[in-house]
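For reference, the structure is listed below as structure tokens.
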Amino acid sequence: MTKCLKMALYFILVGARVINVMSAFNPLLTYTVRFKKIDVKPNITLDYYSIDRYKDVQYVNGQITIDSKEIIDNVVGIFYRCDPDGINCEYFQTWKIKDVCPKLLQKNQMWSRWYESFHPPLVCPVDKVHYKVKNATVDVGPLALIYPQVTDYQWKVIQKFYANDIFVGSYTIEASIFGYRKKIKSIFTDN
């Protein structure tokens with residue numbers, strides 16, 4: 001096979017994948033999350049919470065109590081994708097994060113905006129009991145780039161916390177993600 005024919009075949013095969021991904025992710029849309037429900041399990045209690053909306057973004061506000069003397073060092077995130085009504089759910093994938101402490105401090109991650117909203121700051125070792133959560137949300141831009149079909153489903157995410165292999169507690173968030181167009185003021189209109 002000639003070099004030119006190989007290159008053409010490569011561009012046809014790879015180009016089709018790029019077009020499929022780019023057609024699903026629309027850079028003209030802004031992506032946001034809509035929280036449906038939050039639930040917590042043993043040793044973690046949600047003293048109160050509200051889902052508030054400002055402009056086109058939803059935020060979670062409230063207070064969470066972590067009632068454990070163990071040092072949380074491992075987190076397991078289990079993702080389920082559900083139909084648009086949030087009824088029929090299927091397992092999607094699991095993320096296992098060991099040595100979670102350095103990851104809490106990372107910037108520009110999907111979870112960064114969520115954990116940056118904890119007051120006092122959620123740092124390791126997790127030694128505080130009560131945390132206020134103010135304007136918590138998730139940055140869905142990276143998700144839409146990695147998995148463009150993220151907007152086709154409602155999501156149920158279970159985050160389990162461990163101290164070594166001892167289960168400390170978990171919380172479950174049910175949410176949907178969608179894209180919308182922002183209104184942009186034209187610079188050419190008269191005021």
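Here, A, B, ... name the chains of the structure tokens in the order displayed, residue numbers run from 1 inside each chain, and ligands are numbered from 1 in the same displayed order.
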
For this session: Write out as a list in words which residues come within 7 Å of segment 92-103 of chain A when counting only C-alpha atoms, dropping same-chain ones fewer than 5 positions away.
Result: Asp73, Asn74, Val75, Val76, Gly77, Ile78, Phe79, Tyr80, Arg81, Val123 and Cys124 of chain A

Quick one: residues within 10 Å of Phe167 of chain A, only C-alpha atoms counted, chain neighbours fewer than 2 positions away excluded, as a PDB file with C-alpha atoms, in the first residue's frame?
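Contents of part18.pdb, as written:
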ATOM      1  CA  PRO A  42     -24.158   5.861  58.426  1.00  0.00           C
ATOM      2  CA  ASN A  43     -21.585   8.095  60.107  1.00  0.00           C
ATOM      3  CA  GLU A  70     -11.179   7.334  61.281  1.00  0.00           C
ATOM      4  CA  ILE A  72     -10.700   8.850  55.322  1.00  0.00           C
ATOM      5  CA  ASN A  74     -10.021   5.980  50.009  1.00  0.00           C
ATOM      6  CA  VAL A  75     -13.071   6.951  47.992  1.00  0.00           C
ATOM      7  CA  LYS A 160     -18.351   5.724  49.471  1.00  0.00           C
ATOM      8  CA  PHE A 161     -15.690   6.774  51.984  1.00  0.00           C
ATOM      9  CA  TYR A 162     -13.227   4.368  53.589  1.00  0.00           C
ATOM     10  CA  ALA A 163     -10.526   4.537  56.252  1.00  0.00           C
ATOM     11  CA  ASN A 164      -8.196   1.830  54.977  1.00  0.00           C
ATOM     12  CA  ASP A 165     -10.762  -0.916  54.374  1.00  0.00           C
ATOM     13  CA  GLY A 169     -20.128   6.311  55.134  1.00  0.00           C
ATOM     14  CA  SER A 170     -21.497   7.387  51.788  1.00  0.00           C
TER      15      SER A 170
END

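Here atom CA of Asp152 of chain A is placed at a distance of 11.0 Å from atom CA of Gly86 of chain A.
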
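Across the model, the gap from atom CA of Leu105 of chain A to atom CA of Ser68 of chain A is 21.3 Å.
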
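If only C-alpha atoms are the atoms counted, then among A:Thr32, A:Gln154, A:Ser50, A:Thr45 the closest residue to Val138 of chain A is A:Thr32.
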
Problem set entry | Which of A:Ile158, A:Ile64, A:Lys69, A:Val57 sits closest to Thr30 of chain A [using only C-alpha atoms] | A:Val57

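Nearest to Val40 of chain A of all the residues A:Gln63, A:Glu116, A:Arg53, A:Thr137 is A:Gln63, counting only C-alpha atoms.
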
Problem set entry | DSSP-assigned alpha helix (DSSP H) among segment 70-154 of chain A, expressed as a PyMOL selection string | chain A and resi 100-104+112-115+141-146

Exercise. Quick one: of A:His119, A:Lys36, A:Lys107, A:Lys55, who's nearest to Lys132 of chain A, counting only C-alpha atoms?
Worked result: A:His119

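Take atom CA of Glu174 of chain A and atom CA of Val33 of chain A: the distance between them is 10.1 Å.
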
Problem set entry | Contacts of Lys134 of chain A at 7 Å (only C-alpha atoms; same-chain gap of 6+ positions) as a list in words | Val60, Asn61, Gly62, Ser117 and Phe118 of chain A

Residues from the last selection, N, CA and C atoms, saved as an mmCIF file, in the first residue's frame:
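Everything below was put into result-v9.cif:
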data_model
loop_
_atom_site.group_PDB
_atom_site.id
_atom_site.type_symbol
_atom_site.label_atom_id
_atom_site.label_comp_id
_atom_site.auth_asym_id
_atom_site.auth_seq_id
_atom_site.Cartn_x
_atom_site.Cartn_y
_atom_site.Cartn_z
ATOM 1 N N VAL A 60 -25.963 23.406 45.816
ATOM 2 C CA VAL A 60 -26.384 22.743 47.040
ATOM 3 C C VAL A 60 -25.823 23.538 48.207
ATOM 4 N N ASN A 61 -26.675 23.832 49.178
ATOM 5 C CA ASN A 61 -26.283 24.516 50.403
ATOM 6 C C ASN A 61 -26.779 23.689 51.571
ATOM 7 N N GLY A 62 -26.022 23.688 52.667
ATOM 8 C CA GLY A 62 -26.466 22.941 53.833
ATOM 9 C C GLY A 62 -25.350 22.705 54.822
ATOM 10 N N SER A 117 -16.334 24.044 48.217
ATOM 11 C CA SER A 117 -17.472 24.731 48.836
ATOM 12 C C SER A 117 -17.650 24.360 50.304
ATOM 13 N N PHE A 118 -16.820 23.459 50.842
ATOM 14 C CA PHE A 118 -16.921 23.052 52.242
ATOM 15 C C PHE A 118 -16.211 24.068 53.136
#

Seminar exercise, completed: Among A:Leu29, A:Val140, A:Val157, A:Ile66, Leu122 of chain A is approached most closely, using only C-alpha atoms, by A:Ile66
